$ cat data-v7.cif   # mmCIF, C-alpha atoms and all ligand atoms
data_start
#
loop_
_atom_site.label_atom_id
_atom_site.label_comp_id
_atom_site.auth_asym_id
_atom_site.auth_seq_id
_atom_site.Cartn_x
_atom_site.Cartn_y
_atom_site.Cartn_z
CA MET A 147 -15.47 31.05 3.36
CA THR A 148 -13.40 30.09 0.39
CA ASP A 149 -10.83 32.61 -0.52
CA GLU A 150 -11.27 33.73 -4.16
CA ALA A 151 -7.55 33.55 -4.80
CA ASP A 152 -7.41 29.92 -3.68
CA ARG A 153 -10.37 29.07 -5.88
CA ALA A 154 -8.77 30.62 -8.96
CA SER A 155 -5.45 28.98 -8.25
CA VAL A 156 -6.82 25.43 -7.83
CA ASP A 157 -8.85 25.80 -11.01
CA ALA A 158 -5.71 26.80 -12.87
CA MET A 159 -3.79 23.86 -11.42
CA ASP A 160 -6.52 21.43 -12.49
CA GLU A 161 -6.50 22.94 -16.01
CA THR A 162 -2.84 22.19 -16.55
CA ASP A 163 -2.65 18.89 -14.64
CA PRO A 164 -1.09 16.25 -16.96
CA LEU A 165 -2.83 13.42 -15.05
CA ARG A 166 -6.27 14.98 -15.37
CA PRO A 167 -7.64 12.53 -18.02
CA PHE A 168 -7.29 9.54 -15.68
CA ARG A 169 -10.09 10.64 -13.37
CA ALA A 170 -12.78 9.87 -15.94
CA ARG A 171 -11.77 6.21 -15.88
CA PHE A 172 -12.77 5.68 -12.26
CA GLU A 173 -16.10 5.01 -10.65
CA LEU A 174 -16.45 7.80 -8.10
CA PRO A 175 -19.77 8.87 -6.58
CA GLU A 176 -20.63 12.49 -7.49
CA ASP A 177 -21.07 13.61 -3.90
CA VAL A 178 -17.85 12.14 -2.54
CA ILE A 179 -14.33 13.51 -2.15
CA TYR A 180 -12.34 10.35 -1.71
CA LEU A 181 -9.31 10.80 0.52
CA ASP A 182 -9.02 7.11 1.41
CA GLY A 183 -7.50 5.58 -1.72
CA ASN A 184 -4.52 4.75 0.51
CA SER A 185 -6.77 2.26 2.30
CA LEU A 186 -9.06 0.99 -0.46
CA GLY A 187 -8.60 2.27 -4.00
CA PRO A 188 -11.73 2.90 -6.13
CA ALA A 189 -12.82 0.79 -9.08
CA ALA A 190 -11.96 1.66 -12.66
CA HIS A 191 -15.09 1.39 -14.87
CA PHE A 192 -13.30 -1.19 -17.00
CA VAL A 193 -12.99 -3.52 -13.98
CA PHE A 194 -16.73 -4.25 -13.98
CA HIS A 195 -16.63 -5.27 -17.61
CA GLU A 196 -13.62 -7.50 -17.02
CA LEU A 197 -15.10 -9.09 -13.90
CA GLU A 198 -18.23 -9.90 -15.85
CA LYS A 199 -16.13 -11.45 -18.60
CA ALA A 200 -14.01 -13.39 -16.11
CA ALA A 201 -17.11 -14.75 -14.39
CA ARG A 202 -19.36 -15.44 -17.39
CA GLU A 203 -16.98 -16.37 -20.16
CA GLU A 204 -13.90 -17.67 -18.42
CA TRP A 205 -15.49 -19.39 -15.44
CA GLY A 206 -19.05 -19.92 -16.71
CA ASN A 207 -18.22 -21.11 -20.18
CA GLY A 208 -14.53 -21.94 -20.16
CA LEU A 209 -14.73 -23.86 -16.88
CA ILE A 210 -11.51 -25.64 -15.98
CA ARG A 211 -10.09 -25.06 -19.45
CA SER A 212 -9.56 -21.41 -18.50
CA TRP A 213 -6.60 -22.24 -16.29
CA ASN A 214 -4.75 -22.60 -19.58
CA SER A 215 -6.85 -20.83 -22.20
CA ALA A 216 -7.49 -17.64 -20.20
CA GLY A 217 -3.99 -17.48 -18.73
CA TRP A 218 -5.23 -17.99 -15.16
CA PHE A 219 -2.32 -20.17 -14.12
CA ASP A 220 0.27 -17.55 -15.06
CA LEU A 221 -1.60 -14.50 -13.71
CA PRO A 222 0.41 -14.25 -10.46
CA MET A 223 3.61 -14.00 -12.52
CA THR A 224 2.36 -11.77 -15.33
CA LEU A 225 0.76 -9.34 -12.90
CA GLY A 226 3.86 -9.45 -10.72
CA ASP A 227 5.96 -8.23 -13.64
CA ARG A 228 3.51 -5.41 -14.37
CA ILE A 229 3.71 -4.24 -10.75
CA GLY A 230 7.47 -4.68 -11.06
CA ARG A 231 7.62 -1.77 -13.48
CA LEU A 232 6.13 0.51 -10.80
CA ILE A 233 8.51 -0.57 -8.05
CA GLY A 234 11.76 -0.75 -9.98
CA ALA A 235 11.89 -4.54 -10.22
CA ALA A 236 13.14 -6.22 -13.40
CA PRO A 237 10.92 -9.11 -14.60
CA GLY A 238 11.00 -12.45 -12.83
CA GLN A 239 11.33 -11.10 -9.30
CA THR A 240 7.76 -10.20 -8.31
CA VAL A 241 4.78 -12.52 -7.90
CA VAL A 242 1.22 -11.59 -6.90
CA CYS A 243 -0.13 -13.98 -4.28
CA ASP A 244 -1.63 -14.35 -0.82
CA THR A 245 -1.82 -11.38 1.56
CA THR A 246 0.81 -8.91 2.67
CA SER A 247 0.78 -10.54 6.09
CA ILE A 248 1.50 -13.98 4.64
CA ASN A 249 4.18 -12.60 2.34
CA ILE A 250 5.89 -10.91 5.30
CA TYR A 251 6.03 -14.29 6.97
CA LYS A 252 7.57 -15.91 3.90
CA ALA A 253 10.12 -13.13 3.39
CA LEU A 254 11.24 -12.97 7.04
CA HIS A 255 11.45 -16.73 7.35
CA ALA A 256 13.43 -17.04 4.12
CA ALA A 257 15.77 -14.25 5.25
CA MET A 258 16.41 -15.93 8.62
CA GLY A 259 17.29 -19.11 6.73
CA LEU A 260 19.78 -17.22 4.57
CA ARG A 261 21.64 -15.89 7.64
CA PRO A 262 22.17 -18.99 9.80
CA GLY A 263 23.71 -18.24 13.19
CA ARG A 264 22.14 -14.79 13.40
CA THR A 265 19.20 -14.60 15.74
CA ALA A 266 17.52 -11.20 15.49
CA ILE A 267 14.84 -9.57 13.40
CA VAL A 268 14.81 -5.76 13.65
CA ALA A 269 11.59 -3.84 12.99
CA GLU A 270 9.90 -0.56 13.85
CA GLY A 271 7.69 -0.33 16.93
CA GLY A 272 5.51 1.96 14.81
CA SER A 273 5.10 -0.57 11.98
CA PHE A 274 1.70 -1.49 10.73
CA PRO A 275 0.85 -4.01 13.46
CA THR A 276 0.43 -7.06 11.25
CA ASP A 277 4.10 -6.74 10.27
CA LEU A 278 5.07 -7.17 13.92
CA TYR A 279 2.55 -9.91 14.56
CA MET A 280 3.95 -11.89 11.63
CA ALA A 281 7.50 -11.31 12.85
CA GLU A 282 6.43 -12.73 16.23
CA GLY A 283 5.08 -15.76 14.39
CA VAL A 284 8.38 -16.26 12.59
CA ILE A 285 10.53 -16.05 15.74
CA SER A 286 8.19 -18.49 17.50
CA THR A 287 9.25 -21.16 14.99
CA ILE A 288 13.03 -20.57 15.28
CA PRO A 289 14.70 -21.49 18.58
CA GLY A 290 16.64 -18.57 20.04
CA ALA A 291 15.26 -16.02 17.59
CA ARG A 292 14.42 -12.51 18.88
CA LEU A 293 12.54 -9.47 17.71
CA LEU A 294 14.13 -6.06 18.39
CA LEU A 295 12.04 -2.94 17.97
CA GLU A 296 12.90 0.63 17.19
CA SER A 297 11.47 2.98 19.83
CA VAL A 298 11.30 0.07 22.31
CA ASP A 299 14.81 -1.43 22.32
CA ALA A 300 16.53 1.65 20.86
CA ALA A 301 15.49 5.06 19.63
CA ARG A 302 16.71 4.60 16.07
CA ILE A 303 16.71 1.60 13.77
CA GLU A 304 20.41 2.13 12.97
CA GLU A 305 21.32 1.47 16.62
CA LEU A 306 19.79 -1.99 16.45
CA ILE A 307 21.54 -3.29 13.35
CA ASP A 308 24.59 -5.33 14.36
CA ASP A 309 26.22 -8.64 13.50
CA GLN A 310 23.50 -10.62 15.29
CA VAL A 311 20.78 -9.29 13.03
CA ALA A 312 19.62 -11.57 10.23
CA VAL A 313 16.97 -9.29 8.76
CA VAL A 314 15.53 -5.79 9.04
CA LEU A 315 11.84 -5.28 8.26
CA LEU A 316 10.84 -1.71 7.42
CA ASN A 317 7.73 0.10 6.25
CA HIS A 318 8.75 2.32 3.36
CA VAL A 319 5.98 4.80 4.23
CA ASN A 320 4.55 4.75 7.75
CA TYR A 321 0.83 3.98 7.65
CA LYS A 322 0.00 6.47 10.33
CA SER A 323 2.29 9.47 9.93
CA GLY A 324 3.11 9.07 6.25
CA GLU A 325 6.84 9.32 7.01
CA LEU A 326 8.99 8.03 4.13
CA ARG A 327 12.15 6.05 4.93
CA ASP A 328 15.33 6.31 2.85
CA MET A 329 15.31 2.95 1.11
CA ALA A 330 18.76 3.10 -0.46
CA ALA A 331 20.56 4.32 2.68
CA LEU A 332 18.89 1.88 5.09
CA THR A 333 19.35 -1.05 2.72
CA ARG A 334 23.06 -0.19 2.60
CA LYS A 335 23.22 -0.02 6.41
CA ALA A 336 21.63 -3.44 6.74
CA HIS A 337 23.97 -4.92 4.14
CA ASP A 338 27.05 -3.31 5.74
CA ALA A 339 26.19 -5.23 8.92
CA GLY A 340 25.70 -8.45 6.94
CA ALA A 341 21.91 -8.42 7.36
CA LEU A 342 19.17 -8.71 4.77
CA ILE A 343 16.28 -6.30 4.36
CA VAL A 344 12.54 -6.63 3.75
CA TRP A 345 10.67 -3.49 2.66
CA ASP A 346 6.91 -3.23 3.11
CA LEU A 347 5.62 -1.13 0.20
CA CYS A 348 1.91 -1.07 1.12
CA HIS A 349 1.90 2.74 1.17
CA SER A 350 4.40 3.33 -1.58
CA ALA A 351 3.49 1.01 -4.48
CA GLY A 352 1.46 3.27 -6.76
CA ALA A 353 2.07 6.27 -4.50
CA LEU A 354 5.62 7.23 -5.43
CA PRO A 355 8.54 5.98 -7.54
CA VAL A 356 10.29 2.99 -5.95
CA ASP A 357 13.57 1.51 -7.16
CA LEU A 358 14.03 -1.92 -5.57
CA ASP A 359 16.71 -3.14 -7.97
CA GLY A 360 18.53 0.19 -7.86
CA ALA A 361 18.60 0.15 -4.06
CA ASN A 362 19.81 -3.47 -4.06
CA VAL A 363 16.85 -4.57 -1.91
CA ASP A 364 16.56 -8.23 -0.91
CA PHE A 365 12.85 -8.73 -0.31
CA ALA A 366 9.75 -6.54 -0.58
CA VAL A 367 6.03 -7.04 -0.05
CA GLY A 368 3.00 -4.86 -0.63
CA CYS A 369 -0.73 -4.51 -1.08
CA THR A 370 -2.61 -4.12 -4.33
CA TYR A 371 -5.91 -2.91 -2.87
CA LYS A 372 -4.62 0.47 -1.71
CA TYR A 373 -2.98 2.80 -4.24
CA LEU A 374 -3.04 0.17 -7.00
CA ASN A 375 -6.87 -0.04 -6.90
CA GLY A 376 -7.01 -3.85 -7.23
CA GLY A 377 -10.24 -4.21 -5.22
CA PRO A 378 -11.16 -5.21 -1.67
CA GLY A 379 -8.96 -8.07 -0.51
CA ALA A 380 -7.03 -8.19 -3.80
CA PRO A 381 -3.95 -10.38 -3.43
CA ALA A 382 -0.64 -8.88 -2.38
CA PHE A 383 2.79 -9.16 -4.00
CA ILE A 384 6.22 -10.34 -2.95
CA TYR A 385 9.54 -9.38 -4.54
CA VAL A 386 12.62 -11.54 -4.07
CA ALA A 387 15.87 -10.34 -5.67
CA GLU A 388 16.95 -12.76 -8.35
CA ARG A 389 20.33 -13.36 -6.67
CA LEU A 390 18.55 -14.84 -3.60
CA GLN A 391 15.79 -16.86 -5.23
CA ALA A 392 17.54 -20.21 -5.62
CA ASP A 393 18.82 -20.30 -2.02
CA ALA A 394 15.83 -18.72 -0.25
CA SER A 395 13.51 -21.32 1.17
CA GLN A 396 9.77 -20.81 1.21
CA PRO A 397 8.36 -21.87 4.58
CA LEU A 398 4.81 -22.30 3.25
CA SER A 399 5.81 -25.10 0.91
CA GLY A 400 2.62 -25.54 -1.04
CA TRP A 401 2.09 -27.15 -4.39
CA TRP A 402 1.97 -23.90 -6.37
CA GLY A 403 5.63 -23.39 -5.49
CA HIS A 404 6.58 -26.89 -6.58
CA ALA A 405 8.78 -27.27 -9.65
CA ARG A 406 6.21 -29.63 -11.20
CA PRO A 407 2.83 -29.06 -9.50
CA PHE A 408 0.96 -31.26 -11.94
CA ALA A 409 3.33 -34.19 -11.56
CA PHE A 410 1.71 -34.69 -8.12
CA GLU A 411 4.92 -35.96 -6.58
CA THR A 412 5.10 -37.13 -2.97
CA ARG A 413 8.00 -34.85 -1.99
CA TYR A 414 8.26 -31.06 -2.13
CA ASP A 415 10.79 -29.96 -4.73
CA PRO A 416 10.62 -26.20 -5.07
CA GLU A 417 10.80 -24.26 -8.29
CA GLN A 418 14.05 -22.25 -8.34
CA GLY A 419 12.60 -18.89 -9.38
CA ILE A 420 10.01 -16.44 -8.01
CA ARG A 421 7.19 -18.92 -8.69
CA LYS A 422 8.36 -20.75 -5.58
CA PHE A 423 6.94 -17.98 -3.39
CA GLN A 424 3.38 -18.98 -4.21
CA CYS A 425 1.71 -21.42 -1.84
CA GLY A 426 -1.67 -22.69 -3.07
CA THR A 427 -4.41 -21.86 -5.56
CA GLN A 428 -4.89 -18.12 -5.96
CA PRO A 429 -8.19 -16.12 -6.03
CA ILE A 430 -8.60 -15.79 -9.77
CA LEU A 431 -11.55 -13.39 -9.81
CA SER A 432 -9.61 -11.00 -7.59
CA LEU A 433 -6.56 -11.39 -9.80
CA ARG A 434 -8.72 -10.60 -12.82
CA ALA A 435 -9.95 -7.39 -11.16
CA LEU A 436 -6.36 -6.46 -10.39
CA LYS A 437 -5.36 -7.20 -13.98
CA SER A 438 -7.82 -4.62 -15.25
CA ALA A 439 -6.82 -2.09 -12.59
CA LEU A 440 -3.23 -2.44 -13.82
CA GLU A 441 -4.27 -1.48 -17.38
CA ILE A 442 -4.37 2.07 -16.11
CA TRP A 443 -1.07 1.80 -14.26
CA ASP A 444 0.64 0.56 -17.43
CA GLU A 445 0.14 4.08 -18.83
CA VAL A 446 1.19 6.02 -15.75
CA ASP A 447 4.45 7.91 -15.29
CA MET A 448 5.35 7.56 -11.60
CA ASP A 449 7.38 10.78 -11.62
CA ALA A 450 4.26 12.69 -12.66
CA VAL A 451 2.32 10.94 -9.87
CA ARG A 452 4.93 12.00 -7.32
CA GLU A 453 5.00 15.59 -8.52
CA LYS A 454 1.22 15.93 -8.22
CA SER A 455 1.13 14.05 -4.91
CA ILE A 456 3.52 16.59 -3.42
CA ALA A 457 1.52 19.50 -4.81
CA LEU A 458 -1.76 18.08 -3.44
CA THR A 459 -0.36 17.35 0.01
CA ASP A 460 1.47 20.70 0.27
CA LEU A 461 -1.76 22.46 -0.66
CA PHE A 462 -3.74 20.50 1.92
CA ILE A 463 -1.31 21.28 4.74
CA ARG A 464 -1.25 24.97 3.84
CA LEU A 465 -5.04 25.29 3.62
CA VAL A 466 -5.72 23.30 6.80
CA GLU A 467 -3.18 25.25 8.82
CA THR A 468 -4.32 28.66 7.59
CA ARG A 469 -8.05 27.98 7.85
CA CYS A 470 -8.39 25.45 10.68
CA GLY A 471 -5.31 26.33 12.71
CA SER A 472 -7.24 27.54 15.72
CA PHE A 473 -9.20 24.32 16.27
CA GLY A 474 -6.53 22.15 17.89
CA LEU A 475 -5.21 20.19 14.92
CA THR A 476 -1.57 19.09 14.95
CA LEU A 477 0.25 18.00 11.82
CA GLU A 478 1.63 14.46 12.33
CA SER A 479 3.20 14.04 8.90
CA PRO A 480 6.62 15.39 7.95
CA ARG A 481 6.37 18.94 6.66
CA ASP A 482 9.23 18.29 4.25
CA ALA A 483 7.60 16.68 1.19
CA SER A 484 10.73 14.66 0.38
CA ARG A 485 10.29 12.84 3.71
CA ARG A 486 6.68 11.79 3.34
CA GLY A 487 4.51 9.54 1.21
CA SER A 488 1.15 10.47 -0.28
CA GLN A 489 -0.93 10.99 2.85
CA ILE A 490 -1.35 13.66 5.48
CA SER A 491 -2.26 13.00 9.10
CA PHE A 492 -3.52 15.43 11.66
CA ALA A 493 -3.96 14.64 15.34
CA HIS A 494 -6.93 15.91 17.31
CA ASP A 495 -8.44 14.80 20.65
CA ARG A 496 -11.75 14.21 18.91
CA ALA A 497 -10.30 12.81 15.69
CA TYR A 498 -12.80 9.95 15.54
CA GLU A 499 -15.90 12.13 15.77
CA ILE A 500 -14.53 14.75 13.40
CA MET A 501 -13.76 12.09 10.81
CA GLN A 502 -17.25 10.62 11.11
CA ALA A 503 -18.73 14.08 10.60
CA LEU A 504 -16.55 14.58 7.52
CA ILE A 505 -17.59 11.21 6.11
CA SER A 506 -21.26 12.08 6.64
CA ARG A 507 -20.67 15.08 4.39
CA GLY A 508 -18.94 13.04 1.71
CA VAL A 509 -15.33 13.81 2.61
CA ILE A 510 -13.97 10.32 3.17
CA GLY A 511 -10.71 9.86 5.03
CA ASP A 512 -10.12 7.53 7.96
CA PHE A 513 -9.25 7.35 11.62
CA ARG A 514 -6.32 5.54 13.21
CA ALA A 515 -6.32 5.05 16.96
CA PRO A 516 -5.79 6.79 19.24
CA ALA A 517 -6.16 10.27 17.73
CA THR A 518 -5.18 10.42 14.06
CA MET A 519 -7.21 11.67 11.12
CA ARG A 520 -5.66 10.30 7.97
CA PHE A 521 -6.14 11.76 4.49
CA GLY A 522 -4.80 9.92 1.44
CA PHE A 523 -3.95 11.77 -1.77
CA THR A 524 -4.17 9.79 -4.98
CA PRO A 525 -3.12 11.82 -8.01
CA LEU A 526 -4.88 9.74 -10.66
CA TYR A 527 -8.36 10.83 -9.65
CA LEU A 528 -8.10 13.68 -7.15
CA ARG A 529 -8.32 17.29 -8.29
CA TYR A 530 -6.86 20.32 -6.63
CA ARG A 531 -10.38 21.66 -6.29
CA ASP A 532 -11.25 18.56 -4.25
CA VAL A 533 -8.55 19.49 -1.77
CA LEU A 534 -9.97 22.97 -1.41
CA GLN A 535 -13.49 21.66 -1.01
CA ALA A 536 -12.43 19.08 1.57
CA VAL A 537 -10.84 21.84 3.64
CA ASP A 538 -14.02 23.96 3.29
CA VAL A 539 -15.98 21.08 4.83
CA LEU A 540 -13.38 20.42 7.53
CA GLU A 541 -13.38 24.07 8.53
CA ASP A 542 -17.17 24.08 8.73
CA VAL A 543 -17.29 20.88 10.81
CA LEU A 544 -14.77 22.36 13.26
CA ARG A 545 -16.25 25.86 13.41
CA THR A 546 -19.85 24.71 13.90
CA GLU A 547 -18.78 21.80 16.12
CA ALA A 548 -21.02 19.57 14.01
CA TRP A 549 -18.87 16.62 15.16
CA LYS A 550 -20.47 16.85 18.63
CA ASP A 551 -23.63 15.19 17.31
CA GLU A 552 -23.77 11.93 19.27
CA ARG A 553 -24.20 9.73 16.19
CA PHE A 554 -20.57 10.54 15.31
CA SER A 555 -19.19 8.89 18.43
CA VAL A 556 -20.54 5.42 17.63
CA LYS A 557 -17.57 3.19 16.82
CA ALA A 558 -17.80 0.84 13.82
CA ALA A 559 -15.76 -2.37 13.45
CA VAL A 560 -13.64 -0.94 10.63
CA THR A 561 -12.39 2.61 11.02
C1 LIG B 1 -2.38 -2.29 4.74
C2 LIG B 1 -1.10 -2.83 5.27
C3 LIG B 1 -0.93 -4.19 5.50
C4 LIG B 1 -2.11 -5.12 5.31
O1 LIG B 1 -1.80 -6.45 5.31
P1 LIG B 1 -2.89 -7.52 4.82
O2 LIG B 1 -2.26 -8.80 5.05
O3 LIG B 1 -3.18 -7.20 3.38
O4 LIG B 1 -4.15 -7.31 5.60
C5 LIG B 1 0.31 -4.64 5.93
N1 LIG B 1 1.33 -3.78 6.13
C6 LIG B 1 1.19 -2.44 5.92
C7 LIG B 1 2.34 -1.53 6.14
C8 LIG B 1 -0.04 -1.95 5.50
O5 LIG B 1 -0.19 -0.63 5.32
#
$ encode --input "data-v7.cif" --output "structure tokens" --more "lines below"
Ligand SMILES: *Cc1c(COP(=O)(O)O)cnc(C)c1O
Amino acid sequence: MTDEADRASVDAMDETDPLRPFRARFELPEDVIYLDGNSLGPAAHFVFHELEKAAREEWGNGLIRSWNSAGWFDLPMTLGDRIGRLIGAAPGQTVVCDTTSINIYKALHAAMGLRPGRTAIVAEGGSFPTDLYMAEGVISTIPGARLLLESVDAARIEELIDDQVAVVLLNHVNYKSGELRDMAALTRKAHDAGALIVWDLCHSAGALPVDLDGANVDFAVGCTYKYLNGGPGAPAFIYVAERLQADASQPLSGWWGHARPFAFETRYDPEQGIRKFQCGTQPILSLRALKSALEIWDEVDMDAVREKSIALTDLFIRLVETRCGSFGLTLESPRDASRRGSQISFAHDRAYEIMQALISRGVIGDFRAPATMRFGFTPLYLRYRDVLQAVDVLEDVLRTEAWKDERFSVKAAVT
């Protein structure tokens, strides 16, 4: 049962929450507590209106003229600069294009080219797997190149960074545990050894303040469909520090990175700035959805987001451990809020079934193999009372063993 004191305290926290007005701008089903905005952000109401306009007026009526008249051609750059504000990147260093996977490839390949004679890429064994798969792809194209992994080749990333390392690829926030890496310190370590660094911001852009320029980062990539709410499959972004742009070479040398794409020249002659990191024609309808999602972000103070994120996640840990502590859950995220992003993970032998039971009752988180239940906390639309209610449902699912119902053990393609 819900403790009266907890109920009164979450109500009071919601009353005084400075981010409270944002919730009304999102499309959220009444019967859902959405703890998966770290995987797919919800739609803002305004997005539907803008998508309709982009489809009917810009595409339907404007036709090819809209590349110029509706600003389509420049969208990757203009949206890149708007995301730049959230990740501490001055204008002209961020472009929205392609997928995070593809942008990892471009960044790693460019970094290898900037450190000729060095042969190694260092990454985390616990990275989001696509990061490692793309790194494998990069080394397969460069004779003698190697991939060294933390927790496979050494216990700590620092032990792997030496004068043979061209580039270090790190996830700012770990997708599974939510652990937050120290961007400034690790960037300095890489630079001290003469290496470059690529930060993957998929779980930090829109989740917490990021200061790429301040930390002297070289390259960064990230998603827009998670915390930034850009929509399913919305294009990703890539940041390249201005000081590297002219010398960094783009391995996917498509016409959108050409200095004069509409001169239709026979030879590739790259643009010198961030535009070069585009490859081909971008998905304009998805970019238009992202553009309207960013209208909200333009108004958001990332320090306020961080403060509420910590309060939400601290509350969730406390409530789960006090109420569900006897049911075999183990906290997988750092307990120290300064060392974690905006998600909380708990391990349980039957994590998959428990998560399916939660989802069937409208508490939507997700499962990551082999035994992690992951709960994302997104301060723009989550209330403190939602946290309390989610824990009420979790406690009930565990106490009644509702998760044992066999329909909850059927595995879907996407978890
Ligand atoms: C979600 C995520 C990705 C996804 O990459 P896509 O190419 O967009 O599918 C990559 N890296 C990390 C760390 C992620 O969390």
$ closest_residue --input "data-v7.cif" --among "A:Gly187, A:Gly208, A:Gly400, A:Gly511" --to "ligand LIG 1 (chain B)" --atoms "only C-alpha atoms and all ligand atoms"
A:Gly187
$ residues_near_ligand --input "data-v7.cif" --ligand "ligand LIG 1 (chain B)" --cutoff "8 Å" --atoms "all atoms listed in the file" --output "ChimeraX atom specification"
/A:185,245-249,273-277,317-321,346-349,368-369,372,379,381-382
$ closest_residue --input "data-v7.cif" --among "A:Gln418, A:Phe365, A:Asp309, A:Leu354" --to "Thr333 in chain A" --atoms "all atoms listed in the file"
A:Phe365
$ atom_distance --input "data-v7.cif" --atom1 "CA of Val298 in chain A" --atom2 "CA of Ala281 in chain A"
15.3 Å
$ closest_residue --input "data-v7.cif" --among "A:Cys243, A:Cys470, A:Leu295, A:Ala201" --to "Phe423 in chain A" --atoms "only C-alpha atoms"
A:Cys243
$ residues_around --input "data-v7.cif" --residues "Thr370 in chain A" --least-positions-apart "6" --cutoff "12 Å" --atoms "only C-alpha atoms" --output "MDAnalysis selection string"
chainID A and resid 183:188 225:226 228:229 232 241:246 347:353 376:384 432:433 435:437 439:440 443
$ residues_around --input "data-v7.cif" --residues "Arg171 in chain A" --least-positions-apart "2" --cutoff "7 Å" --atoms "all atoms listed in the file" --output "VMD selection string"
chain A and resid 168 to 169 173 190 to 191
$ write_last_selection --input "data-v7.cif" --atoms "C-alpha atoms" --output "mmCIF file, keeping the file's coordinate frame"
data_model
loop_
_atom_site.group_PDB
_atom_site.id
_atom_site.type_symbol
_atom_site.label_atom_id
_atom_site.label_comp_id
_atom_site.auth_asym_id
_atom_site.auth_seq_id
_atom_site.Cartn_x
_atom_site.Cartn_y
_atom_site.Cartn_z
ATOM 1 C CA PHE A 168 -7.290 9.540 -15.680
ATOM 2 C CA ARG A 169 -10.090 10.640 -13.370
ATOM 3 C CA GLU A 173 -16.100 5.010 -10.650
ATOM 4 C CA ALA A 190 -11.960 1.660 -12.660
ATOM 5 C CA HIS A 191 -15.090 1.390 -14.870
#
$ atom_distance --input "data-v7.cif" --atom1 "CA of Arg421 in chain A" --atom2 "CA of Arg202 in chain A"
28.2 Å
$ residues_around --input "data-v7.cif" --residues "range 466-469 of chain A" --least-positions-apart "2" --cutoff "7 Å" --atoms "only C-alpha atoms" --output "ChimeraX atom specification"
/A:462-464,471,537,541
$ closest_atom_pairs --input "data-v7.cif" --of "range 505-551 of chain A" --to "range 454-459 of chain A" --cutoff "12 Å" --atoms "only C-alpha atoms" --output "JSON lines"
{"residue": "A:Arg520", "atom": "CA", "partner": "A:Thr459", "partner_atom": "CA", "distance": 11.9}
{"residue": "A:Phe521", "atom": "CA", "partner": "A:Thr459", "partner_atom": "CA", "distance": 9.2}
{"residue": "A:Gly522", "atom": "CA", "partner": "A:Thr459", "partner_atom": "CA", "distance": 8.8}
{"residue": "A:Phe523", "atom": "CA", "partner": "A:Ser455", "partner_atom": "CA", "distance": 6.4}
{"residue": "A:Thr524", "atom": "CA", "partner": "A:Ser455", "partner_atom": "CA", "distance": 6.8}
{"residue": "A:Pro525", "atom": "CA", "partner": "A:Ser455", "partner_atom": "CA", "distance": 5.7}
{"residue": "A:Leu526", "atom": "CA", "partner": "A:Lys454", "partner_atom": "CA", "distance": 9.0}
{"residue": "A:Tyr527", "atom": "CA", "partner": "A:Lys454", "partner_atom": "CA", "distance": 10.9}
{"residue": "A:Leu528", "atom": "CA", "partner": "A:Leu458", "partner_atom": "CA", "distance": 8.6}
{"residue": "A:Arg529", "atom": "CA", "partner": "A:Leu458", "partner_atom": "CA", "distance": 8.2}
{"residue": "A:Tyr530", "atom": "CA", "partner": "A:Leu458", "partner_atom": "CA", "distance": 6.4}
{"residue": "A:Arg531", "atom": "CA", "partner": "A:Leu458", "partner_atom": "CA", "distance": 9.8}
{"residue": "A:Asp532", "atom": "CA", "partner": "A:Leu458", "partner_atom": "CA", "distance": 9.5}
{"residue": "A:Val533", "atom": "CA", "partner": "A:Leu458", "partner_atom": "CA", "distance": 7.1}
{"residue": "A:Leu534", "atom": "CA", "partner": "A:Leu458", "partner_atom": "CA", "distance": 9.8}
{"residue": "A:Ala536", "atom": "CA", "partner": "A:Leu458", "partner_atom": "CA", "distance": 11.8}
{"residue": "A:Val537", "atom": "CA", "partner": "A:Thr459", "partner_atom": "CA", "distance": 12.0}
$ atom_distance --input "data-v7.cif" --atom1 "CA of Ala497 in chain A" --atom2 "CA of Val543 in chain A"
11.7 Å
$ build_atoms --input "data-v7.cif" --residues "range 151-155 of chain A" --atoms "N, CA, C and O atoms" --output "JSON list (two decimals), in the frame of the given file"
[["chain", "number", "residue", "atom", "x", "y", "z"],
["A", 151, "ALA", "N", -8.87, 33.81, -4.21],
["A", 151, "ALA", "CA", -7.55, 33.55, -4.80],
["A", 151, "ALA", "C", -7.25, 32.05, -4.81],
["A", 151, "ALA", "O", -6.73, 31.52, -5.79],
["A", 152, "ASP", "N", -7.62, 31.37, -3.73],
["A", 152, "ASP", "CA", -7.41, 29.92, -3.68],
["A", 152, "ASP", "C", -8.24, 29.23, -4.76],
["A", 152, "ASP", "O", -7.78, 28.32, -5.43],
["A", 153, "ARG", "N", -9.47, 29.68, -4.89],
["A", 153, "ARG", "CA", -10.37, 29.07, -5.88],
["A", 153, "ARG", "C", -9.78, 29.20, -7.29],
["A", 153, "ARG", "O", -9.71, 28.24, -8.05],
["A", 154, "ALA", "N", -9.33, 30.40, -7.62],
["A", 154, "ALA", "CA", -8.77, 30.62, -8.96],
["A", 154, "ALA", "C", -7.50, 29.79, -9.14],
["A", 154, "ALA", "O", -7.27, 29.21, -10.21],
["A", 155, "SER", "N", -6.71, 29.69, -8.09],
["A", 155, "SER", "CA", -5.45, 28.98, -8.25],
["A", 155, "SER", "C", -5.66, 27.47, -8.38],
["A", 155, "SER", "O", -5.01, 26.82, -9.19]]
